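Chemist: So that you have it, the file is entry.txt, and it contains compact mmCIF, C-alpha atoms:
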```txt
# COMPACT_ATOMS: atom_id res chain seq x y z
CA MET A 1 -93.78 -21.32 -4.93
CA LYS A 2 -90.17 -22.46 -5.29
CA PHE A 3 -90.65 -22.56 -9.07
CA LEU A 4 -91.93 -18.98 -9.11
CA LEU A 5 -88.96 -17.80 -7.02
CA SER A 6 -86.59 -19.63 -9.35
CA VAL A 7 -88.15 -17.97 -12.40
CA LEU A 8 -87.99 -14.55 -10.74
CA SER A 9 -84.37 -15.09 -9.74
CA LEU A 10 -83.53 -16.22 -13.26
CA SER A 11 -85.17 -13.17 -14.82
CA VAL A 12 -83.29 -10.81 -12.48
CA PHE A 13 -80.07 -12.69 -13.18
CA SER A 14 -80.74 -12.55 -16.91
CA PHE A 15 -81.27 -8.82 -16.79
CA THR A 16 -78.15 -8.11 -14.76
CA ALA A 17 -76.00 -10.46 -16.82
CA ILE A 18 -76.84 -8.71 -20.10
CA ALA A 19 -74.95 -5.53 -20.94
CA PHE A 20 -77.42 -3.83 -23.25
CA GLN A 21 -75.89 -1.92 -26.14
CA CYS A 22 -77.37 1.36 -27.35
CA ASP A 23 -76.33 0.67 -30.97
CA ASP A 24 -78.56 -2.40 -31.19
CA GLN A 25 -82.17 -1.30 -31.81
CA SER A 26 -83.57 -4.61 -30.56
CA GLN A 27 -81.58 -4.41 -27.31
CA LEU A 28 -82.56 -0.77 -26.89
CA GLN A 29 -86.22 -1.71 -27.23
CA GLN A 30 -85.77 -4.52 -24.66
CA LEU A 31 -84.05 -2.12 -22.29
CA ASP A 32 -86.86 0.40 -22.68
CA GLN A 33 -89.44 -2.31 -21.93
CA ALA A 34 -87.42 -3.31 -18.84
CA TYR A 35 -87.54 0.34 -17.71
CA GLU A 36 -91.33 0.49 -18.18
CA ASN A 37 -91.74 -2.77 -16.28
CA ALA A 38 -89.45 -1.63 -13.45
CA ILE A 39 -91.63 1.46 -12.98
CA ARG A 40 -94.76 -0.71 -13.01
CA ILE A 41 -93.58 -3.14 -10.36
CA ALA A 42 -91.33 -0.69 -8.46
CA ASP A 43 -88.19 -2.74 -9.15
CA THR A 44 -85.53 -0.44 -7.76
CA GLN A 45 -82.68 -2.86 -8.49
CA VAL A 46 -83.42 -2.69 -12.22
CA LEU A 47 -83.91 1.08 -12.04
CA GLU A 48 -80.51 1.42 -10.34
CA GLN A 49 -78.91 -0.34 -13.32
CA ILE A 50 -80.89 1.30 -16.12
CA LEU A 51 -80.85 4.92 -14.94
CA SER A 52 -77.78 7.05 -15.52
CA ALA A 53 -76.40 8.80 -12.42
CA ASP A 54 -77.45 12.13 -13.95
CA PHE A 55 -80.91 10.90 -15.07
CA ILE A 56 -83.76 13.42 -15.20
CA TRP A 57 -87.46 12.93 -15.92
CA VAL A 58 -89.42 16.00 -16.98
CA HIS A 59 -93.18 15.49 -16.58
CA ASN A 60 -95.93 17.43 -18.40
CA LEU A 61 -94.19 20.58 -19.57
CA ASN A 62 -92.00 20.77 -16.48
CA SER A 63 -94.86 20.44 -13.96
CA MET A 64 -92.55 18.06 -12.08
CA THR A 65 -88.99 16.82 -12.52
CA GLU A 66 -87.41 13.76 -11.00
CA THR A 67 -83.84 12.60 -10.66
CA LYS A 68 -82.68 9.01 -10.32
CA THR A 69 -82.79 9.36 -6.54
CA SER A 70 -86.23 10.96 -6.36
CA LEU A 71 -87.78 8.45 -8.79
CA ILE A 72 -86.45 5.51 -6.79
CA GLU A 73 -87.66 7.14 -3.57
CA ARG A 74 -91.13 7.65 -5.10
CA VAL A 75 -91.58 4.03 -6.18
CA LEU A 76 -90.36 2.81 -2.76
CA LYS A 77 -93.06 4.73 -0.87
CA VAL A 78 -95.71 2.63 0.83
CA ASP A 79 -98.45 4.59 -0.94
CA TYR A 80 -96.90 4.17 -4.42
CA GLU A 81 -99.68 3.13 -6.75
CA ASN A 82 -98.39 0.45 -9.07
CA PRO A 83 -99.99 0.78 -12.50
CA LEU A 84 -101.90 -2.28 -13.63
CA LYS A 85 -100.11 -2.11 -16.97
CA ARG A 86 -97.57 0.11 -18.77
CA GLN A 87 -97.24 -0.43 -22.48
CA PRO A 88 -95.04 1.75 -24.68
CA VAL A 89 -95.68 1.96 -28.40
CA ILE A 90 -92.42 3.07 -29.96
CA GLU A 91 -92.90 5.20 -33.05
CA HIS A 92 -89.40 6.57 -33.73
CA PHE A 93 -85.77 5.74 -33.08
CA ILE A 94 -83.19 8.47 -33.55
CA PHE A 95 -79.54 7.45 -33.54
CA ASP A 96 -77.17 10.38 -33.05
CA GLN A 97 -73.44 10.45 -32.25
CA ASP A 98 -73.47 9.18 -28.67
CA THR A 99 -77.18 9.18 -27.82
CA ARG A 100 -80.19 7.16 -28.88
CA VAL A 101 -83.70 8.60 -28.62
CA ILE A 102 -86.88 6.55 -28.47
CA MET A 103 -90.18 8.37 -28.99
CA GLY A 104 -93.73 7.11 -28.82
CA ILE A 105 -96.87 6.77 -26.74
CA SER A 106 -97.06 5.10 -23.32
CA HIS A 107 -100.38 3.53 -22.38
CA ILE A 108 -100.77 3.35 -18.62
CA PHE A 109 -103.69 1.65 -16.90
CA LYS A 110 -104.59 2.29 -13.26
CA SER A 111 -107.43 1.25 -11.01
CA ARG A 112 -109.67 4.27 -10.38
CA PRO A 113 -112.89 3.13 -8.64
CA THR A 114 -115.88 5.45 -8.85
CA ASP A 115 -119.29 5.33 -7.17
CA ALA A 116 -120.84 4.31 -10.47
CA ASN A 117 -118.11 1.79 -11.32
CA PRO A 118 -116.05 0.31 -8.45
CA ASP A 119 -114.02 -1.68 -11.01
CA ASN A 120 -113.18 1.37 -13.11
CA ILE A 121 -109.86 1.31 -14.94
CA ARG A 122 -108.46 4.59 -16.22
CA HIS A 123 -106.32 4.62 -19.34
CA TYR A 124 -103.72 7.39 -19.54
CA GLN A 125 -101.82 8.14 -22.72
CA TYR A 126 -98.52 10.00 -22.60
CA TYR A 127 -96.20 11.09 -25.37
CA PHE A 128 -92.65 10.14 -24.36
CA SER A 129 -89.16 10.89 -25.53
CA ARG A 130 -86.38 8.95 -23.81
CA THR A 131 -82.68 9.47 -24.40
CA TYR A 132 -80.23 6.62 -23.85
CA ARG A 133 -76.45 6.85 -23.79
CA GLN A 134 -73.77 4.17 -23.82
CA GLN A 135 -71.84 4.37 -20.53
CA GLY A 136 -68.98 1.91 -20.64
CA SER A 137 -70.39 -1.54 -21.36
CA GLN A 138 -73.95 -0.54 -20.37
CA CYS A 139 -76.60 1.46 -22.21
CA GLN A 140 -78.35 3.70 -19.67
CA LEU A 141 -81.35 5.99 -19.64
CA LEU A 142 -80.20 9.60 -19.45
CA SER A 143 -83.54 11.43 -19.68
CA ASN A 144 -87.26 10.92 -20.01
CA MET A 145 -89.79 13.54 -21.06
CA THR A 146 -93.50 12.79 -20.85
CA MET A 147 -96.57 14.82 -21.71
CA LYS A 148 -100.15 13.70 -21.09
CA ILE A 149 -102.27 13.29 -24.22
CA ALA A 150 -105.53 11.79 -22.96
CA THR A 151 -107.33 10.12 -20.07
CA LYS A 152 -110.25 7.72 -20.46
CA ASP A 153 -112.31 5.90 -17.84
CA GLY A 154 -113.86 2.47 -18.37
CA ALA A 155 -110.79 1.10 -20.12
CA LYS A 156 -110.23 -2.58 -20.85
CA PHE A 157 -106.84 -4.20 -21.21
CA LYS A 158 -105.39 -7.66 -21.61
```
Is it possible to give me this structure as structure tokens?

Modeler:
Amino acid sequence: MKFLLSVLSLSVFSFTAIAFQCDDQSQLQQLDQAYENAIRIADTQVLEQILSADFIWVHNLNSMTETKTSLIERVLKVDYENPLKRQPVIEHFIFDQDTRVIMGISHIFKSRPTDANPDNIRHYQYYFSRTYRQQGSQCQLLSNMTMKIATKDGAKFK
């Protein structure tokens, strides 16, 4: 148990000690993966660091919008349903003057028991477009836009 706590502390320390740079595609990809993981495990400390103060998330053609505050409040709720897995597949990087855009498909897996299959896993696919901006020494997520593509029951994942 002590080993696990040490590893967790080290990974949190490692994340906070690194000032990700938006101009480095590899660091931008690592930062984006850290964002996906923070949503998955409801890690509000990482979200506090990654999200810009004026962050906005537009879901499914504006069916819902979230700010930094409302997203953090949502993942802190007792009934927040942690996804089993969130895996982005980045298809495009766009580097503009002071912003960096990552676009691709997020694969999200959640437990969705049914009468016929109590172990059912549902696979959601979302198109995403996330905009990052360098803010001082830290690259931060300014906006996220997602749009559902497909939903499939009986999914398998590793």

Chemist: So which residues touch A:Ile39 within 10 Å, counting only C-alpha atoms, skipping near sequence neighbours fewer than 2 positions away, as a PyMOL selection string?

Modeler: chain A and resi 33-37+41-44+46-47+71-72+75+82-83+86

Chemist: By how many Å are atom CA of A:Ser106 and atom CA of A:Thr146 apart?

Modeler: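 That distance, rounded to one decimal, is 8.8 Å.
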
Chemist: Which residue is closest to A:Gln138? Choose from A:Leu51, A:Val101, A:Leu61, A:Val78 and count only C-alpha atoms.

Modeler: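 Of A:Leu51, A:Val101, A:Leu61, A:Val78, the one nearest A:Gln138, counting only C-alpha atoms, is A:Leu51.
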
Chemist: Return the single residue from A:Ile121, A:Cys139, A:Ile105, A:Leu84 that is closest to A:Leu28, with distances computed using all atoms listed in the file.

Modeler: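 Counting all atoms listed in the file, the residue closest to A:Leu28 is A:Cys139.
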
Chemist: Using only C-alpha atoms, which of A:Phe55, A:Phe93, A:Phe157, A:Phe109 sits nearest A:Glu81?

Modeler: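 When distances to A:Glu81 are compared using only C-alpha atoms, the smallest one comes from A:Phe109.
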
Chemist: When distances are computed from only C-alpha atoms, which of A:His59, A:Arg133, A:His123, A:Lys148 shows the smallest separation from A:Ile108?

Modeler: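 Between A:His59, A:Arg133, A:His123, A:Lys148, the residue approaching A:Ile108 most closely is A:His123.
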
Chemist: Could you please determine the separation between atom CA of A:Lys77 and atom CA of A:Thr65 in Å, to one decimal place?

Modeler: 17.3 Å

Chemist: For A:Asp23, which residue among A:Asp96, A:Glu91, A:Asp79, A:Asp119 is the nearest when counting all atoms listed in the file?

Modeler: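 Between A:Asp96, A:Glu91, A:Asp79, A:Asp119, the residue approaching A:Asp23 most closely is A:Asp96.
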
Chemist: Using all atoms listed in the file, find the one residue out of A:Ile56, A:Met147, A:Ile50, A:Ile90 that sits nearest to A:Thr69.

Modeler: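 So, comparing all the options, the nearest one is A:Ile56.
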
Chemist: Kindly give the distance, in Å, that separates atom CA of A:Phe95 and atom CA of A:Leu142, rounded to a single decimal.

Modeler: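 Separation between atom CA of A:Phe95 and atom CA of A:Leu142: 14.3 Å.
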
Chemist: Name all residues at most 12 Å from A:Ser137 (count all atoms listed in the file; drop same-chain ones fewer than 3 positions away) and give them as a PyMOL selection string.

Modeler: chain A and resi 17-23+49+133-134+140

Chemist: If we count all atoms listed in the file, what is near A:Asn60 at a cut-off of 12 Å, once residues fewer than 6 positions away on the same chain are taken out, given as a compact mmCIF listing (two decimals) with C-alpha atoms, keeping the file's coordinate frame?

Modeler:
```txt
# COMPACT_ATOMS: atom_id res chain seq x y z
CA GLU A 66 -87.41 13.76 -11.00
CA GLN A 125 -101.82 8.14 -22.72
CA TYR A 126 -98.52 10.00 -22.60
CA TYR A 127 -96.20 11.09 -25.37
CA PHE A 128 -92.65 10.14 -24.36
CA SER A 129 -89.16 10.89 -25.53
CA ASN A 144 -87.26 10.92 -20.01
CA MET A 145 -89.79 13.54 -21.06
CA THR A 146 -93.50 12.79 -20.85
CA MET A 147 -96.57 14.82 -21.71
CA LYS A 148 -100.15 13.70 -21.09
CA ILE A 149 -102.27 13.29 -24.22
```

Chemist: Extract, using all atoms listed in the file, all DNA, RNA and protein residues at most 6 Å from A:Tyr124, discarding same-chain residues fewer than 5 positions from it, and format them as a list in words.

Modeler: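 Returned residues: His107, Ile108, Ala150 and Thr151 of chain A.
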
Chemist: Write the residues of the preceding selection, restricted to C-alpha atoms, as a PDB file, keeping the file's coordinate frame.

Modeler:
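What ended up in result-v1.pdb:
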```
ATOM      1  CA  HIS A 107    -100.380   3.530 -22.380  1.00  0.00           C
ATOM      2  CA  ILE A 108    -100.770   3.350 -18.620  1.00  0.00           C
ATOM      3  CA  ALA A 150    -105.530  11.790 -22.960  1.00  0.00           C
ATOM      4  CA  THR A 151    -107.330  10.120 -20.070  1.00  0.00           C
TER       5      THR A 151
END
```

Chemist: Would you kindly identify which residues have an atom no farther than 7 Å from (-113.6, 0.6, -16.4), using all atoms listed in the file and the file's own coordinates, and write them out as a PyMOL selection string?

Modeler: chain A and resi 117+119-122+153-156

Chemist: Can you write out the residues you just picked, keeping C-alpha atoms, as a CSV table (one decimal), in the frame of the given file?

Modeler:
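This is the output file out20.csv:
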```csv
chain,number,residue,atom,x,y,z
A,117,ASN,CA,-118.1,1.8,-11.3
A,119,ASP,CA,-114.0,-1.7,-11.0
A,120,ASN,CA,-113.2,1.4,-13.1
A,121,ILE,CA,-109.9,1.3,-14.9
A,122,ARG,CA,-108.5,4.6,-16.2
A,153,ASP,CA,-112.3,5.9,-17.8
A,154,GLY,CA,-113.9,2.5,-18.4
A,155,ALA,CA,-110.8,1.1,-20.1
A,156,LYS,CA,-110.2,-2.6,-20.8
```
